[in-house]
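First up is the structure itself, then whatever we jot down about it.
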Amino acid sequence: MSIASVIVDVPAKQTDREFDYLIPDKWKSIIRPGIRVVVPFGPRMVQGFVTGIKESSDLKKLREIKEPMDLEPVLNDELLQLGDWMTEQTLSFKVSALQAMLPAAMKAKYEKNVELTDLTSFDRMHEDVRSLFKHRKTLTWKEMLEAGKPSLFHKELQNGNLEVVYYVKNRLNKKTVRHVKPLLSTEELSEALDSLSASAKKQRQIVEHFLHAPESVSLKNLLEIVHSSAAAVKALVEKGILAEYDEEIYRDPYENRSFEETSAFRLTDEQAAALGPINAAVDAERNDIFLLYGITGSGKTEIYLQAIDKVIQNGKEAIMLVPEISLTPQTVKRFKERFGNQVAVLHSGLSVGEKYDEWRKIHRQEVKVVVGARSAVFAPFQNIGLIVIDEEHEGSYKQEEPPRYHARDIAIQRGLSHSCPVILGSATPSLESFARAQKGVYKLLSLTKRMNNSTLPSVEIVDMREELRTGNRSMFSEKLFAKLEDRLTKGEQTVLFLNKRGHSSFVMCRSCGVVINCPDCDISLTYHRSNHSLKCHYCGHEEGMPPVCPECGSDHIRFFGTGTQKVEEELGKILPNARVIRMDVDTTSKKGSHELLLNAFQEGKADILLGTQMIAKGLDFPNITLVGVLSADTMLHLPDFRASEKTFQLLTQVSGRAGRHQLKGEVVIQTYTPEHYSIELAARQDFDTFFEKEMEIRRLNHYPPYFYLALVTVFHEDLIKTVSVTEKITKYLRSNLSRQAIILGPVASPLSRVKNRYRYQCLIKYKREPGLNALLKNIINNFQQETAKGQLQIAIDLNPQMMM
DNA sequence: AGATGGGGCCCA
DNA sequence: GGGCCCCATCTC
C-alpha cells in the first residue's frame, strides 16, 4: 500500500508539517510528488501538495486521498526542493512557499454547503426548512445562515436529513471553446443530407458546410458561416451526425498584436567583451554569477537578448526578470520581436486567467523564454540555461508579504540547481551586489559607453532655496522654465519627473495648523482631486474633504504638497501651448492605458510627459532631450538607511532617459539639498564615488553589506502590549545572540500605527549568527497561542528591503 | 484555519 | 439537568 506525504493548505504553525494519506489504487499511477490533491482534514476537505511517496507510516489509521487535482505534477523535484529551501530561508510556512511558486488561479477555492442526504429526506424535514429547499438540493453555508433558524437546521443535520458537504475547487479553470465536428464520413454525410427533411433548411446548410470542409470548427465560427442558430446544430448532434465538444484554448493577452521579427544587432566592442564570458558560461553550463554594470543607454538589453538566443540554440530555457514597473509593452515587444511565440510573459497587468495560461505554456514546455516580474523566477522550466535579473537593485524584487523572498536569492539558488549562469544587470547596482563583485564572488562586467555614440546628458542642479530667495515661488526654477520653453519652440520632448514617495499632498488648516490624519493610522491623509476626497495610502480609509477645519472651524483649510495633477495645472498656466501627458496611478489604472499614453507620447502627440516613478525606467524615445526632476530630495529624508542609495539610483535612472539617440540630452535636477552627496554624484553619474562614499557610511553604521539585518515587527491594538512583547523579544535575543550582534529596540516602527494597530520593532544587525533562525523560530513558537488568535501579530523579515 | 468538545456558568 | 459560551486541542 503506498502512502503520500501531503502538505495541507492550512497556513498555521500547528499544521505546518507533512500529513500521511493512503493512495487509493485507482489513483496510484497519477499521484506523485508535486501533484495537488484533495484530502480530508478533520471534518473538512482541503487542498494539499504531495511532497513524497512512501511505503509505510508511523500511524496505523490513515485516511485516503479523495482525488488528485492535477494529472501532471505542477511542481517538479527541483521546485519542491526550492520550496524547502525557501521555507527555511524566509521562516514561512511550507504551504505558503509552495503556493508562491504557482499562479494565483491554482490556489484552492473552498465551498461549504448544506445538502439533502437523499431523495426522501426533503419530505421528512420541518416545513420552514423545506421551503428553502424547493427545487434545489443544496444551500451554501452562507445562504443557510442568512435564512436564520439555526436550531431548525441543526436538528435536521442531527437527524440526518441534511449534511454538511465541503468542496475544493480550482479558483479558475482552463478556458474552453465549444467546437463542432462531423461524426460521419463524406459519403455518409451526403446520405444524411438526403434523409433530412426539405424544410430543415438550416440543418441542410450545416451538413453542406461539412461536406465541403469536414474539419472541426468552433461553434461560433460555424454559426457565422451558415448564419444559423445553435438549435439547428443541436438537432444534428441529436441525430448523431455532428458532435459537440470543448477544446482547450489559451487566453492570449497579446492576441491583437503583431510583432515584427528582429535579429541580433551588431554589438559594440564593449558589449561583445561583456557577452563573451556570459556565452562561455552558458556553453560550459557553469553557475557563474555576473554583475553586468552598464550605464544607462549602454545596451544591456541587447546583451540579454543575445545570451538568451544562445541558450535557446543550446536547447535550453531562459528566465528574464524585469521590475514590475518597467515591464511595459515596450519591453515585452523587444522580446516578442526577437523570440516570437517562444516567449511567455508574466506580470501583474494580466488577468488571473491569462497568467495561468502563460504559466501553462511554460509548464508544458511550449515556450523557451519567460519575461516577467518577481514571481516569474519560479517558472517551471526543466532545463534552465540562464537567468537574468535586470535592474537588480530594485526593491520590488523582494516580496513584502510571506514568504518574504528576494527574487535575486531565488535566481541564484536555481542557478545552482540547474548549473547555469545568472546575470544581475544594473546601471546603479545595489551596494550588496557591487561589493560582492569587488570581492570576486560575482564576476563584474562593465559597460561604460552609451550606444549610438551618444554621450551622457549634461546635468544641472538647481538650488530651490536660492529660487525662493529671489522670489520665485513656483515649482519651476527659472532655468527649468527656460529650457522647457526652448524645447517647445524646437519641437523636442521633455520628461518631467515628480517623486511622489513621502511627498503626498496632505491637508492642513492655515489658521490652527492642524493636519488631517487617518483615524486608524498615524499618517496624514492624501488629497485626491478626482473626487475631492481624502484617502489613506496605507489602509484605504476614505473621507470627503471637509469644507471647514474640523478642529477650529476656520475655512482656511487647504491641501499642501505637490501632486502630478497640481503640476499639470501649473504647466497649463505658465506654458498654455504645451501639450502634456500625465502618467500616474490615476491615469494608468485602466488596462492598456499605460501603453496608450506612451504611444501617444512617442508619436509626438505631446511635448511634455509628466509622471511619477513609473516613467523613471525603460523609456527610450529619440526625441527626449530634456529631463526635469521637480524635487529630488523627497525620498532622501525617509527613515530608511537605503534612502541615499534609492535617491542616487532614481536620479541616475531618470537622467538616463535624456539624449539616448542622436540629439544631445540635458537634465535639470531641482533640490533643496544640493550639497547632498547622493544628489551631487547622481548629477555626475558617478557610481564609483557614490559606492565608496556610501560603503564608508554603511561600515560606520553597521549596515549592509557589512552586516546582515533581521527585522522583527510586533503588531497589536494595545500600545502597552505591543511594547511589552517587543521588549520580551529584544531581551531574549540580547541574551542569546553573540556579542558581535547589535540589537536595536524596541522602537516604534517608522509607520507607528496602521489600521489601528501599533507597530514596534526590533532590528538585529549581525555578521554571523548560526543560531539566529532557530531563535526566531522559538519566538514564533513562544507567542504561537497569542498570534493564533489574531490579536497579536509578529512578522519576521530576514534581509528586509523596507524598514517601515 | 476551522471544527469540536469539554468545562464553567447561568437558568429552571 | 439543560443550554450556551469560551478556549484548548486536533487535524494523517
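The way I read the labels, and the way they are meant: chains A, B, ... in the order of the C-alpha cells, residue 1 as the first residue of every chain, and ligand 1 as the first ligand shown, with later ones counted on from there.
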
| task | Using DSSP on the backbone coordinates, identify all residues within segment 482-636 of chain A classified as strand (DSSP E or B); present the result as a ChimeraX atom specification. | result | /A:493-497,507-509,515,517,524,526-528,533-535,542-544,557-559,580-583,608-611,624-629

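Near chain A, counting only C-alpha atoms (C1' of nucleotides) at 9 Å, the chain C residues are C:DC10, C:DT11, C:DC12.
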
| message | Nearest residue to Pro73 of chain A out of A:Lys109, A:Arg17, A:His363, A:Arg136, using only C-alpha atoms? | response |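 Once distances to Pro73 of chain A are computed over only C-alpha atoms, the minimum belongs to A:His363.
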
| task | May I have the residues of chain B within 12 Å of chain A, counting only C-alpha atoms (C1' of nucleotides), written as JSON, numbers by chain? | result | {"B": [1, 2, 3, 4]}

| task | Enumerate the residues of segment 464-617 of chain A with a DSSP assignment of helix (DSSP H, G or I), computed from the backbone, and present them as an NGL selection string. | result | :A and (464-469 or 478-490 or 564-574 or 593-602 or 613-615)

For N, CA and C atoms, I'd like the residues from the last selection saved as a tab-separated table (two decimals), in the first residue's frame.
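Final output, saved to again29.tsv:
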```tsv
chain	number	residue	atom	x	y	z
A	464	MET	N	16.75	75.10	-5.03
A	464	MET	CA	15.42	75.72	-4.95
A	464	MET	C	15.34	76.74	-3.81
A	465	ARG	N	16.23	76.65	-2.84
A	465	ARG	CA	16.24	77.65	-1.77
A	465	ARG	C	16.61	79.00	-2.36
A	466	GLU	N	17.57	78.94	-3.29
A	466	GLU	CA	18.01	80.14	-3.97
A	466	GLU	C	16.85	80.77	-4.76
A	467	GLU	N	16.08	79.89	-5.41
A	467	GLU	CA	14.93	80.37	-6.20
A	467	GLU	C	13.95	81.11	-5.30
A	468	LEU	N	13.71	80.54	-4.12
A	468	LEU	CA	12.79	81.17	-3.18
A	468	LEU	C	13.31	82.55	-2.78
A	469	ARG	N	14.62	82.60	-2.52
A	469	ARG	CA	15.24	83.85	-2.09
A	469	ARG	C	15.07	84.93	-3.16
A	478	GLU	N	13.76	79.03	-12.70
A	478	GLU	CA	13.90	79.84	-13.91
A	478	GLU	C	14.58	79.02	-15.01
A	479	LYS	N	15.59	78.28	-14.58
A	479	LYS	CA	16.38	77.52	-15.54
A	479	LYS	C	15.52	76.45	-16.23
A	480	LEU	N	14.79	75.73	-15.40
A	480	LEU	CA	13.97	74.66	-15.98
A	480	LEU	C	12.91	75.26	-16.89
A	481	PHE	N	12.34	76.37	-16.45
A	481	PHE	CA	11.30	77.01	-17.26
A	481	PHE	C	11.85	77.44	-18.61
A	482	ALA	N	13.03	78.04	-18.58
A	482	ALA	CA	13.65	78.50	-19.83
A	482	ALA	C	13.89	77.33	-20.78
A	483	LYS	N	14.38	76.24	-20.22
A	483	LYS	CA	14.66	75.08	-21.06
A	483	LYS	C	13.38	74.44	-21.59
A	484	LEU	N	12.34	74.47	-20.76
A	484	LEU	CA	11.05	73.95	-21.22
A	484	LEU	C	10.56	74.73	-22.43
A	485	GLU	N	10.64	76.04	-22.31
A	485	GLU	CA	10.21	76.91	-23.42
A	485	GLU	C	11.02	76.63	-24.68
A	486	ASP	N	12.32	76.49	-24.47
A	486	ASP	CA	13.24	76.25	-25.58
A	486	ASP	C	12.86	74.96	-26.31
A	487	ARG	N	12.57	73.89	-25.55
A	487	ARG	CA	12.22	72.61	-26.18
A	487	ARG	C	10.92	72.72	-26.96
A	488	LEU	N	10.03	73.53	-26.39
A	488	LEU	CA	8.72	73.71	-27.00
A	488	LEU	C	8.86	74.34	-28.39
A	489	THR	N	9.73	75.37	-28.46
A	489	THR	CA	9.90	76.03	-29.76
A	489	THR	C	10.63	75.13	-30.74
A	490	LYS	N	11.57	74.29	-30.23
A	490	LYS	CA	12.31	73.40	-31.11
A	490	LYS	C	11.52	72.16	-31.51
A	564	THR	N	0.92	65.27	-9.12
A	564	THR	CA	1.06	65.44	-10.57
A	564	THR	C	-0.05	66.32	-11.14
A	565	GLN	N	-1.24	66.18	-10.54
A	565	GLN	CA	-2.36	66.98	-11.04
A	565	GLN	C	-2.07	68.46	-10.89
A	566	LYS	N	-1.47	68.81	-9.73
A	566	LYS	CA	-1.18	70.21	-9.46
A	566	LYS	C	-0.11	70.73	-10.43
A	567	VAL	N	0.89	69.88	-10.68
A	567	VAL	CA	1.93	70.29	-11.62
A	567	VAL	C	1.33	70.51	-13.00
A	568	GLU	N	0.43	69.63	-13.37
A	568	GLU	CA	-0.22	69.74	-14.67
A	568	GLU	C	-0.96	71.07	-14.79
A	569	GLU	N	-1.68	71.42	-13.74
A	569	GLU	CA	-2.40	72.69	-13.71
A	569	GLU	C	-1.47	73.87	-13.91
A	570	GLU	N	-0.38	73.82	-13.12
A	570	GLU	CA	0.61	74.89	-13.16
A	570	GLU	C	1.23	75.01	-14.56
A	571	LEU	N	1.50	73.87	-15.16
A	571	LEU	CA	2.05	73.88	-16.51
A	571	LEU	C	1.10	74.58	-17.46
A	572	GLY	N	-0.18	74.28	-17.27
A	572	GLY	CA	-1.20	74.88	-18.13
A	572	GLY	C	-1.18	76.40	-18.03
A	573	LYS	N	-0.83	76.89	-16.84
A	573	LYS	CA	-0.79	78.34	-16.66
A	573	LYS	C	0.44	78.96	-17.30
A	574	ILE	N	1.61	78.35	-17.02
A	574	ILE	CA	2.84	79.01	-17.48
A	574	ILE	C	3.19	78.67	-18.93
A	593	SER	N	-3.97	51.49	-20.67
A	593	SER	CA	-3.86	52.95	-20.74
A	593	SER	C	-2.38	53.37	-20.70
A	594	HIS	N	-1.60	52.60	-19.97
A	594	HIS	CA	-0.16	52.86	-19.89
A	594	HIS	C	0.44	52.91	-21.28
A	595	GLU	N	0.15	51.87	-22.05
A	595	GLU	CA	0.67	51.77	-23.40
A	595	GLU	C	0.15	52.89	-24.30
A	596	LEU	N	-1.13	53.15	-24.13
A	596	LEU	CA	-1.78	54.18	-24.95
A	596	LEU	C	-1.10	55.53	-24.78
A	597	LEU	N	-0.85	55.89	-23.51
A	597	LEU	CA	-0.23	57.18	-23.21
A	597	LEU	C	1.19	57.24	-23.76
A	598	LEU	N	1.93	56.14	-23.57
A	598	LEU	CA	3.31	56.13	-24.05
A	598	LEU	C	3.36	56.23	-25.58
A	599	ASN	N	2.45	55.49	-26.22
A	599	ASN	CA	2.40	55.54	-27.68
A	599	ASN	C	2.13	56.95	-28.17
A	600	ALA	N	1.18	57.61	-27.51
A	600	ALA	CA	0.83	58.97	-27.90
A	600	ALA	C	2.06	59.87	-27.77
A	601	PHE	N	2.80	59.67	-26.69
A	601	PHE	CA	4.00	60.49	-26.48
A	601	PHE	C	5.05	60.21	-27.55
A	602	GLN	N	5.20	58.92	-27.83
A	602	GLN	CA	6.19	58.53	-28.82
A	602	GLN	C	5.86	59.11	-30.20
A	613	GLN	N	7.28	57.72	-10.42
A	613	GLN	CA	8.17	56.55	-10.51
A	613	GLN	C	8.08	55.79	-11.84
A	614	MET	N	6.85	55.60	-12.29
A	614	MET	CA	6.65	54.68	-13.42
A	614	MET	C	7.31	55.15	-14.72
A	615	ILE	N	7.71	56.42	-14.81
A	615	ILE	CA	8.36	56.85	-16.05
A	615	ILE	C	9.88	56.91	-15.89
```

Within 12 Å of DC9 of chain B, counting only C-alpha atoms (C1' of nucleotides), which residues qualify if same-chain residues fewer than 5 places away don't, as a PDB file with N, CA and C atoms (P, O5', C5', C4', C3', O3' and C1' of nucleotides), in the first residue's frame?
```
ATOM      1  P    DG C   3     -31.299  21.218  26.003  1.00  0.00           P
ATOM      2  O5'  DG C   3     -30.625  22.655  25.888  1.00  0.00           O
ATOM      3  C5'  DG C   3     -31.398  23.817  26.188  1.00  0.00           C
ATOM      4  C4'  DG C   3     -30.472  25.010  26.284  1.00  0.00           C
ATOM      5  C3'  DG C   3     -29.562  25.227  25.071  1.00  0.00           C
ATOM      6  O3'  DG C   3     -29.649  26.585  24.696  1.00  0.00           O
ATOM      7  C1'  DG C   3     -28.286  25.209  27.061  1.00  0.00           C
ATOM      8  P    DC C   4     -29.002  27.124  23.350  1.00  0.00           P
ATOM      9  O5'  DC C   4     -27.762  27.974  23.876  1.00  0.00           O
ATOM     10  C5'  DC C   4     -27.946  28.984  24.878  1.00  0.00           C
ATOM     11  C4'  DC C   4     -26.603  29.530  25.280  1.00  0.00           C
ATOM     12  C3'  DC C   4     -25.610  29.709  24.114  1.00  0.00           C
ATOM     13  O3'  DC C   4     -24.953  30.955  24.268  1.00  0.00           O
ATOM     14  C1'  DC C   4     -24.628  28.398  25.796  1.00  0.00           C
ATOM     15  P    DC C   5     -24.291  31.684  23.021  1.00  0.00           P
ATOM     16  O5'  DC C   5     -22.870  32.097  23.613  1.00  0.00           O
ATOM     17  C5'  DC C   5     -22.785  32.730  24.900  1.00  0.00           C
ATOM     18  C4'  DC C   5     -21.440  32.425  25.520  1.00  0.00           C
ATOM     19  C3'  DC C   5     -20.248  32.643  24.580  1.00  0.00           C
ATOM     20  O3'  DC C   5     -19.270  33.392  25.284  1.00  0.00           O
ATOM     21  C1'  DC C   5     -20.144  30.481  25.533  1.00  0.00           C
ATOM     22  P    DC C   6     -18.066  34.097  24.518  1.00  0.00           P
ATOM     23  O5'  DC C   6     -16.829  33.286  25.105  1.00  0.00           O
ATOM     24  C5'  DC C   6     -16.691  33.113  26.533  1.00  0.00           C
ATOM     25  C4'  DC C   6     -15.534  32.178  26.791  1.00  0.00           C
ATOM     26  C3'  DC C   6     -14.326  32.408  25.878  1.00  0.00           C
ATOM     27  O3'  DC C   6     -13.160  32.336  26.674  1.00  0.00           O
ATOM     28  C1'  DC C   6     -15.073  30.158  25.700  1.00  0.00           C
TER      29       DC C   6
END
```

| query | Can you list, as JSON, numbers by chain, every protein, DNA or RNA residue that comes within 8 Å of segment 608-612 of chain A when you count only C-alpha atoms (C1' of nucleotides), leaving out same-chain residues fewer than 6 positions away? | reply | {"A": [493, 494, 495, 496, 497, 498, 499, 500, 564, 568, 578, 579, 580, 581, 582, 583, 584, 601]}

Those residues with N, CA and C atoms, as an mmCIF file, in the first residue's frame please?
```cif
data_model
loop_
_atom_site.group_PDB
_atom_site.id
_atom_site.type_symbol
_atom_site.label_atom_id
_atom_site.label_comp_id
_atom_site.auth_asym_id
_atom_site.auth_seq_id
_atom_site.Cartn_x
_atom_site.Cartn_y
_atom_site.Cartn_z
ATOM 1 N N GLN A 493 11.102 66.896 -27.072
ATOM 2 C CA GLN A 493 10.241 66.458 -25.969
ATOM 3 C C GLN A 493 10.929 66.500 -24.610
ATOM 4 N N THR A 494 10.094 66.664 -23.590
ATOM 5 C CA THR A 494 10.597 66.771 -22.224
ATOM 6 C C THR A 494 9.904 65.729 -21.336
ATOM 7 N N VAL A 495 10.670 65.172 -20.412
ATOM 8 C CA VAL A 495 10.082 64.316 -19.386
ATOM 9 C C VAL A 495 10.216 65.037 -18.054
ATOM 10 N N LEU A 496 9.085 65.205 -17.357
ATOM 11 C CA LEU A 496 9.119 65.824 -16.036
ATOM 12 C C LEU A 496 8.801 64.767 -15.002
ATOM 13 N N PHE A 497 9.698 64.665 -14.044
ATOM 14 C CA PHE A 497 9.563 63.600 -13.065
ATOM 15 C C PHE A 497 9.261 64.170 -11.689
ATOM 16 N N LEU A 498 8.204 63.636 -11.102
ATOM 17 C CA LEU A 498 7.828 64.076 -9.760
ATOM 18 C C LEU A 498 7.891 62.873 -8.839
ATOM 19 N N ASN A 499 8.760 62.967 -7.858
ATOM 20 C CA ASN A 499 8.877 61.852 -6.939
ATOM 21 C C ASN A 499 7.792 61.944 -5.878
ATOM 22 N N LYS A 500 6.900 60.993 -5.930
ATOM 23 C CA LYS A 500 5.754 61.068 -5.035
ATOM 24 C C LYS A 500 6.018 60.481 -3.663
ATOM 25 N N THR A 564 0.918 65.275 -9.122
ATOM 26 C CA THR A 564 1.062 65.444 -10.568
ATOM 27 C C THR A 564 -0.050 66.317 -11.138
ATOM 28 N N GLU A 568 0.434 69.632 -13.370
ATOM 29 C CA GLU A 568 -0.217 69.740 -14.674
ATOM 30 C C GLU A 568 -0.960 71.069 -14.792
ATOM 31 N N ALA A 578 1.734 74.167 -24.322
ATOM 32 C CA ALA A 578 2.348 72.846 -24.221
ATOM 33 C C ALA A 578 1.285 71.764 -24.108
ATOM 34 N N ARG A 579 1.514 70.678 -24.851
ATOM 35 C CA ARG A 579 0.610 69.533 -24.733
ATOM 36 C C ARG A 579 1.238 68.566 -23.735
ATOM 37 N N VAL A 580 0.475 68.262 -22.679
ATOM 38 C CA VAL A 580 1.030 67.486 -21.570
ATOM 39 C C VAL A 580 0.323 66.140 -21.446
ATOM 40 N N ILE A 581 1.109 65.080 -21.265
ATOM 41 C CA ILE A 581 0.535 63.790 -20.926
ATOM 42 C C ILE A 581 0.935 63.486 -19.484
ATOM 43 N N ARG A 582 -0.055 63.200 -18.677
ATOM 44 C CA ARG A 582 0.226 62.919 -17.270
ATOM 45 C C ARG A 582 0.118 61.413 -17.032
ATOM 46 N N MET A 583 1.157 60.864 -16.422
ATOM 47 C CA MET A 583 1.115 59.438 -16.108
ATOM 48 C C MET A 583 1.295 59.227 -14.615
ATOM 49 N N ASP A 584 0.251 58.766 -13.975
ATOM 50 C CA ASP A 584 0.357 58.405 -12.569
ATOM 51 C C ASP A 584 -0.671 57.310 -12.294
ATOM 52 N N PHE A 601 2.801 59.674 -26.694
ATOM 53 C CA PHE A 601 3.999 60.493 -26.477
ATOM 54 C C PHE A 601 5.046 60.207 -27.546
#
```
